[in-house]
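Chemist: The structure follows.
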Amino acid sequence: MSRVALELDALYISTTCRRSRPARPLRRLVSTSAGPSTAGRSDPSSASSGPPRPVPAAPPLTPAQRRAYARLRPVVDSFAAPIDWAVAYGSGVVHQADASFSLPPPLTDFILATPSAAAFHTANIRQNPDHYPLYARVLGGRAVGWAQERWGAGMWYVTNVGIGALQVKYGVITTRDLVHDLEHWSTLYVSGRLHKPVLPLHPPPDVPPAAPPSSPSSPAAPNIYPHILSNHKSALRLALILLPARFTETDLLTQLAGISYLGDPRMAVPGAENPEKVRNIVRGEGARDGLRAIYGGLVGPLGVVERAREKGPDTEEVIYEQPASPQHRAGLLAALPSTLRTAVERAYRARLPEPTVSAPAARTPTSPPGRARGDADAAPGDAFWHAVARDPECTAVVLTQLRHIVRRPALTQSLKGLFTAGLAKSVYYSAAKFRKWLRGWRRAAGKQA
């Protein structure tokens, strides 16, 4: 790393990061972060002048998750850079179909949210210079932070690095960009990954609530979970729009697990992604149980009822039913995240009569984080959304707009990965992906034979 870059980064840290503990901020955040027992505390991201509002909190860990937490939390603790929130995800954490626990996974995936991309990379380049290609070290943390936020989906991925006994891949995103994607689906890159089960690592899930910070110079990390809950509700609404009135549990879970892959160019490129990826998520016992835990308590308020249970060769299949009325679908459409909702509105302006086109009122997320905005049972009287819901091509239009949202960030982030990882690691990572794709292709071909 050049001397000039080091001096500039040192000046940047000294003038902009005084709000963070100089070293190992994770341990400071342990005593001030919201956890699963934080009901009754107000969300720092939505402060108001009234009394504190209860906010949703993450559920406690299962015994299997506790064992994984004990194994993976030291990875997050190892960073000296500022971190607000961290999870582990993917097949290395949640059991999927055709996965074997007899061998360790080649990589364990993490997402780290930081209050400042520049501050994170400045500190991390000093602590872990081998995590960055040479040109990133020369440019310095501020330049890396700028590239992270300006290109792709707002993430900087470090892949195939050893931390402790694990080989890991971690993606860094600012807390601001994380919350925006969770609430609005601006890219569906991170929010799509969080539609599926993940393992929360920071803040620690079982830490009791602590007193609010006594000084503005030592703020608590924001509670991300209400925004994650909002993201889960949005995914469920979209899945119900795409499903018929009567569907199975497998149908529902397949839609939920596959949202972030719709429009992803990697799914259409041979060798880029395992063609059995969504199936493996849904069929894997751990992942399936995780999806049930996420969405099982959310289907009822959206008008979904269980109608029957059918015995299958390997498992029992649950049959669900949702209202087939335009009012129900209109409620789901009107409550979609703003990026997708606006895209659907725009697509229908040329399709609907002029009096109907001017009907939709502007919708802004004014409700508290995590709280349902216009759930399906609210039956909005919006003539526009009722007209959209009655259109036989409604599902196709929604899918088209969803693919448009996913495609560009997924493509640019993939290209950006070649820059962030460096040539050698990119080749190694691509070869591992190709082997996964080939294994999935052979399995799919065998089933068709």
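Ordering of the structure tokens sets the chain letters (A, B, ...); residue numbers start at 1 within each chain; ligands are numbered from 1 in the order shown.
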Excluding Ser325 (chain A) and its own-chain neighbours fewer than 4 positions away, which residues fall within 12 Å of it when counting only C-alpha atoms? Please give them as an MDAnalysis selection string.
Modeler: chainID A and resid 241 244:245 303 329:332 376:377 379 386:387 389:390
Chemist: May I have the selected residues written with all heavy atoms, as an mmCIF file, in the first residue's frame?
Modeler:
```cif
data_model
loop_
_atom_site.group_PDB
_atom_site.id
_atom_site.type_symbol
_atom_site.label_atom_id
_atom_site.label_comp_id
_atom_site.auth_asym_id
_atom_site.auth_seq_id
_atom_site.Cartn_x
_atom_site.Cartn_y
_atom_site.Cartn_z
ATOM 1 N N ILE A 241 -48.897 -13.514 -5.102
ATOM 2 C CA ILE A 241 -49.332 -12.957 -6.383
ATOM 3 C C ILE A 241 -49.015 -13.928 -7.517
ATOM 4 O O ILE A 241 -49.797 -14.097 -8.455
ATOM 5 C CB ILE A 241 -48.656 -11.594 -6.636
ATOM 6 C CG1 ILE A 241 -49.198 -10.541 -5.655
ATOM 7 C CG2 ILE A 241 -48.860 -11.129 -8.071
ATOM 8 C CD1 ILE A 241 -48.436 -9.235 -5.681
ATOM 9 N N PRO A 244 -51.355 -19.673 -7.778
ATOM 10 C CA PRO A 244 -52.807 -19.758 -7.969
ATOM 11 C C PRO A 244 -53.539 -19.740 -6.626
ATOM 12 O O PRO A 244 -52.917 -19.657 -5.563
ATOM 13 C CB PRO A 244 -52.982 -21.099 -8.678
ATOM 14 C CG PRO A 244 -51.808 -21.914 -8.219
ATOM 15 C CD PRO A 244 -50.676 -20.947 -8.056
ATOM 16 N N ALA A 245 -54.860 -19.854 -6.673
ATOM 17 C CA ALA A 245 -55.651 -19.799 -5.438
ATOM 18 C C ALA A 245 -55.351 -20.994 -4.543
ATOM 19 O O ALA A 245 -55.370 -20.883 -3.316
ATOM 20 C CB ALA A 245 -57.141 -19.756 -5.775
ATOM 21 N N GLY A 303 -54.468 -13.909 4.634
ATOM 22 C CA GLY A 303 -55.652 -14.588 4.119
ATOM 23 C C GLY A 303 -55.426 -16.003 3.636
ATOM 24 O O GLY A 303 -56.302 -16.585 2.989
ATOM 25 N N ARG A 329 -55.928 -9.759 -4.353
ATOM 26 C CA ARG A 329 -54.724 -9.529 -5.156
ATOM 27 C C ARG A 329 -54.367 -8.045 -5.205
ATOM 28 O O ARG A 329 -53.183 -7.685 -5.191
ATOM 29 C CB ARG A 329 -54.933 -10.086 -6.559
ATOM 30 C CG ARG A 329 -53.788 -9.784 -7.500
ATOM 31 C CD ARG A 329 -53.843 -10.611 -8.766
ATOM 32 N NE ARG A 329 -53.317 -11.947 -8.531
ATOM 33 C CZ ARG A 329 -52.797 -12.708 -9.497
ATOM 34 N NH1 ARG A 329 -52.757 -12.278 -10.743
ATOM 35 N NH2 ARG A 329 -52.325 -13.897 -9.217
ATOM 36 N N ALA A 330 -55.362 -7.171 -5.249
ATOM 37 C CA ALA A 330 -55.086 -5.736 -5.256
ATOM 38 C C ALA A 330 -54.367 -5.310 -3.983
ATOM 39 O O ALA A 330 -53.449 -4.482 -4.009
ATOM 40 C CB ALA A 330 -56.391 -4.954 -5.415
ATOM 41 N N GLY A 331 -54.779 -5.891 -2.847
ATOM 42 C CA GLY A 331 -54.103 -5.580 -1.595
ATOM 43 C C GLY A 331 -52.652 -6.015 -1.603
ATOM 44 O O GLY A 331 -51.769 -5.305 -1.109
ATOM 45 N N LEU A 332 -52.378 -7.195 -2.180
ATOM 46 C CA LEU A 332 -51.000 -7.671 -2.275
ATOM 47 C C LEU A 332 -50.165 -6.777 -3.186
ATOM 48 O O LEU A 332 -49.025 -6.427 -2.875
ATOM 49 C CB LEU A 332 -50.985 -9.106 -2.804
ATOM 50 C CG LEU A 332 -51.659 -10.174 -1.940
ATOM 51 C CD1 LEU A 332 -51.740 -11.503 -2.703
ATOM 52 C CD2 LEU A 332 -50.917 -10.367 -0.624
ATOM 53 N N ALA A 376 -53.110 -7.775 2.716
ATOM 54 C CA ALA A 376 -54.149 -8.161 1.753
ATOM 55 C C ALA A 376 -55.540 -8.067 2.336
ATOM 56 O O ALA A 376 -56.487 -7.775 1.621
ATOM 57 C CB ALA A 376 -53.893 -9.583 1.252
ATOM 58 N N ASP A 377 -55.686 -8.294 3.634
ATOM 59 C CA ASP A 377 -57.031 -8.260 4.203
ATOM 60 C C ASP A 377 -57.554 -6.837 4.372
ATOM 61 O O ASP A 377 -58.678 -6.635 4.788
ATOM 62 C CB ASP A 377 -57.079 -8.999 5.546
ATOM 63 C CG ASP A 377 -56.088 -8.449 6.559
ATOM 64 O OD1 ASP A 377 -55.389 -7.475 6.244
ATOM 65 O OD2 ASP A 377 -56.025 -9.017 7.670
ATOM 66 N N ALA A 379 -58.066 -4.865 1.879
ATOM 67 C CA ALA A 379 -58.925 -4.666 0.716
ATOM 68 C C ALA A 379 -58.992 -3.207 0.304
ATOM 69 O O ALA A 379 -60.001 -2.545 0.435
ATOM 70 C CB ALA A 379 -60.344 -5.201 1.006
ATOM 71 N N HIS A 386 -57.254 -2.491 -8.395
ATOM 72 C CA HIS A 386 -58.306 -3.459 -8.712
ATOM 73 C C HIS A 386 -58.285 -3.796 -10.200
ATOM 74 O O HIS A 386 -58.473 -4.952 -10.596
ATOM 75 C CB HIS A 386 -59.669 -2.907 -8.317
ATOM 76 C CG HIS A 386 -59.911 -2.973 -6.846
ATOM 77 N ND1 HIS A 386 -61.125 -2.636 -6.270
ATOM 78 C CD2 HIS A 386 -59.112 -3.324 -5.821
ATOM 79 C CE1 HIS A 386 -61.040 -2.784 -4.957
ATOM 80 N NE2 HIS A 386 -59.832 -3.198 -4.674
ATOM 81 N N ALA A 387 -58.056 -2.776 -11.041
ATOM 82 C CA ALA A 387 -57.994 -3.011 -12.481
ATOM 83 C C ALA A 387 -56.781 -3.876 -12.832
ATOM 84 O O ALA A 387 -56.868 -4.782 -13.663
ATOM 85 C CB ALA A 387 -57.942 -1.681 -13.225
ATOM 86 N N ALA A 389 -55.313 -6.035 -10.850
ATOM 87 C CA ALA A 389 -55.546 -7.381 -10.323
ATOM 88 C C ALA A 389 -56.462 -8.195 -11.224
ATOM 89 O O ALA A 389 -56.351 -9.427 -11.281
ATOM 90 C CB ALA A 389 -56.141 -7.283 -8.918
ATOM 91 N N ARG A 390 -57.374 -7.532 -11.943
ATOM 92 C CA ARG A 390 -58.296 -8.253 -12.835
ATOM 93 C C ARG A 390 -57.669 -8.586 -14.185
ATOM 94 O O ARG A 390 -58.227 -9.375 -14.947
ATOM 95 C CB ARG A 390 -59.564 -7.425 -13.041
ATOM 96 C CG ARG A 390 -60.476 -7.389 -11.821
ATOM 97 C CD ARG A 390 -61.842 -6.806 -12.180
ATOM 98 N NE ARG A 390 -61.727 -5.395 -12.554
ATOM 99 C CZ ARG A 390 -61.856 -4.379 -11.699
ATOM 100 N NH1 ARG A 390 -62.095 -4.635 -10.414
ATOM 101 N NH2 ARG A 390 -61.756 -3.142 -12.104
#
```
Chemist: Hey, what does DSSP flag as alpha helix (DSSP H) within region 187-334 of chain A? Can you give it to me as number ranges by chain?
Modeler: A: 190-193, 225-242, 249-258, 277-283, 285-295, 326-334
Chemist: Generate the output file for the selected residues, C-alpha atoms, as a compact mmCIF listing (two decimals), in the first residue's frame.
Modeler:
```txt
# COMPACT_ATOMS: atom_id res chain seq x y z
CA VAL A 190 -28.97 -8.62 -0.53
CA SER A 191 -32.69 -8.60 0.27
CA GLY A 192 -33.15 -11.63 -2.02
CA ARG A 193 -30.48 -13.58 -0.17
CA TYR A 225 -34.45 -7.17 12.27
CA PRO A 226 -37.60 -5.04 11.73
CA HIS A 227 -36.41 -4.37 8.19
CA ILE A 228 -35.70 -8.06 7.66
CA LEU A 229 -39.25 -8.85 8.79
CA SER A 230 -40.58 -6.26 6.34
CA ASN A 231 -38.54 -7.93 3.60
CA HIS A 232 -39.98 -11.35 4.48
CA LYS A 233 -43.54 -9.99 4.33
CA SER A 234 -42.83 -8.44 0.93
CA ALA A 235 -41.47 -11.75 -0.38
CA LEU A 236 -44.56 -13.59 0.84
CA ARG A 237 -46.90 -11.08 -0.82
CA LEU A 238 -45.07 -11.43 -4.11
CA ALA A 239 -45.10 -15.25 -3.89
CA LEU A 240 -48.87 -15.20 -3.34
CA ILE A 241 -49.33 -12.96 -6.38
CA LEU A 242 -47.43 -15.49 -8.49
CA GLU A 249 -46.32 -25.82 0.69
CA THR A 250 -43.59 -26.85 -1.75
CA ASP A 251 -45.01 -24.47 -4.37
CA LEU A 252 -44.92 -21.61 -1.87
CA LEU A 253 -41.40 -22.32 -0.61
CA THR A 254 -40.12 -22.71 -4.18
CA GLN A 255 -41.48 -19.28 -5.10
CA LEU A 256 -39.97 -17.71 -1.98
CA ALA A 257 -36.55 -19.29 -2.47
CA GLY A 258 -36.45 -18.45 -6.18
CA LYS A 277 -30.04 -24.49 -6.71
CA VAL A 278 -33.63 -23.57 -5.79
CA ARG A 279 -34.70 -27.21 -5.59
CA ASN A 280 -31.81 -28.00 -3.25
CA ILE A 281 -32.81 -25.14 -0.96
CA VAL A 282 -36.45 -26.21 -0.76
CA ARG A 283 -35.80 -29.96 -0.48
CA GLU A 285 -34.34 -30.54 5.56
CA GLY A 286 -32.53 -27.69 7.30
CA ALA A 287 -33.40 -25.08 4.69
CA ARG A 288 -37.03 -26.22 4.48
CA ASP A 289 -37.44 -26.03 8.25
CA GLY A 290 -35.81 -22.60 8.17
CA LEU A 291 -38.24 -21.35 5.53
CA ARG A 292 -41.16 -22.67 7.58
CA ALA A 293 -39.86 -20.85 10.65
CA ILE A 294 -39.61 -17.58 8.70
CA TYR A 295 -42.93 -17.62 6.88
CA PRO A 326 -59.44 -9.13 -7.18
CA GLN A 327 -59.64 -7.33 -3.82
CA HIS A 328 -57.19 -9.79 -2.28
CA ARG A 329 -54.72 -9.53 -5.16
CA ALA A 330 -55.09 -5.74 -5.26
CA GLY A 331 -54.10 -5.58 -1.59
CA LEU A 332 -51.00 -7.67 -2.28
CA LEU A 333 -50.02 -5.55 -5.28
CA ALA A 334 -50.49 -2.25 -3.49
```
Chemist: Ranking A:Leu418, A:Leu112, A:Ile163, A:Ala335 by minimum distance to Asp382 (chain A) and counting only C-alpha atoms, which one comes first?
Modeler: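 When distances to Asp382 (chain A) are compared using only C-alpha atoms, the smallest one comes from A:Ala335.
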Chemist: I'd like the interatomic distance between CA of Pro200 (chain A) and CA of Pro222 (chain A), to a tenth of an Å.
Modeler: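 Atom-to-atom, CA of Pro200 (chain A) and CA of Pro222 (chain A) are spaced 14.5 Å apart.
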Chemist: One number please: CA of Phe384 (chain A) to CA of Leu352 (chain A), in Å, one decimal.
Modeler: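 According to the coordinates, CA of Phe384 (chain A) and CA of Leu352 (chain A) are separated by 8.4 Å.
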Chemist: Skipping near chain neighbours, those fewer than 2 positions away, what residues fall within 7 Å of Arg246 (chain A) using only C-alpha atoms, listed as a PyMOL selection string?
Modeler: chain A and resi 244+320-322
Chemist: Which value, in Å to one decimal, gives the distance between CA of Trp151 (chain A) and CA of Pro133 (chain A)?
Modeler: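 Going from CA of Trp151 (chain A) over to CA of Pro133 (chain A) covers 17.3 Å.
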Chemist: Between A:Leu336, A:Ala88, A:Val168, A:Leu194, which has the minimum distance to Leu107 (chain A) (counting only C-alpha atoms)?
Modeler: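 Of A:Leu336, A:Ala88, A:Val168, A:Leu194, the one nearest Leu107 (chain A) is A:Val168, counting only C-alpha atoms.
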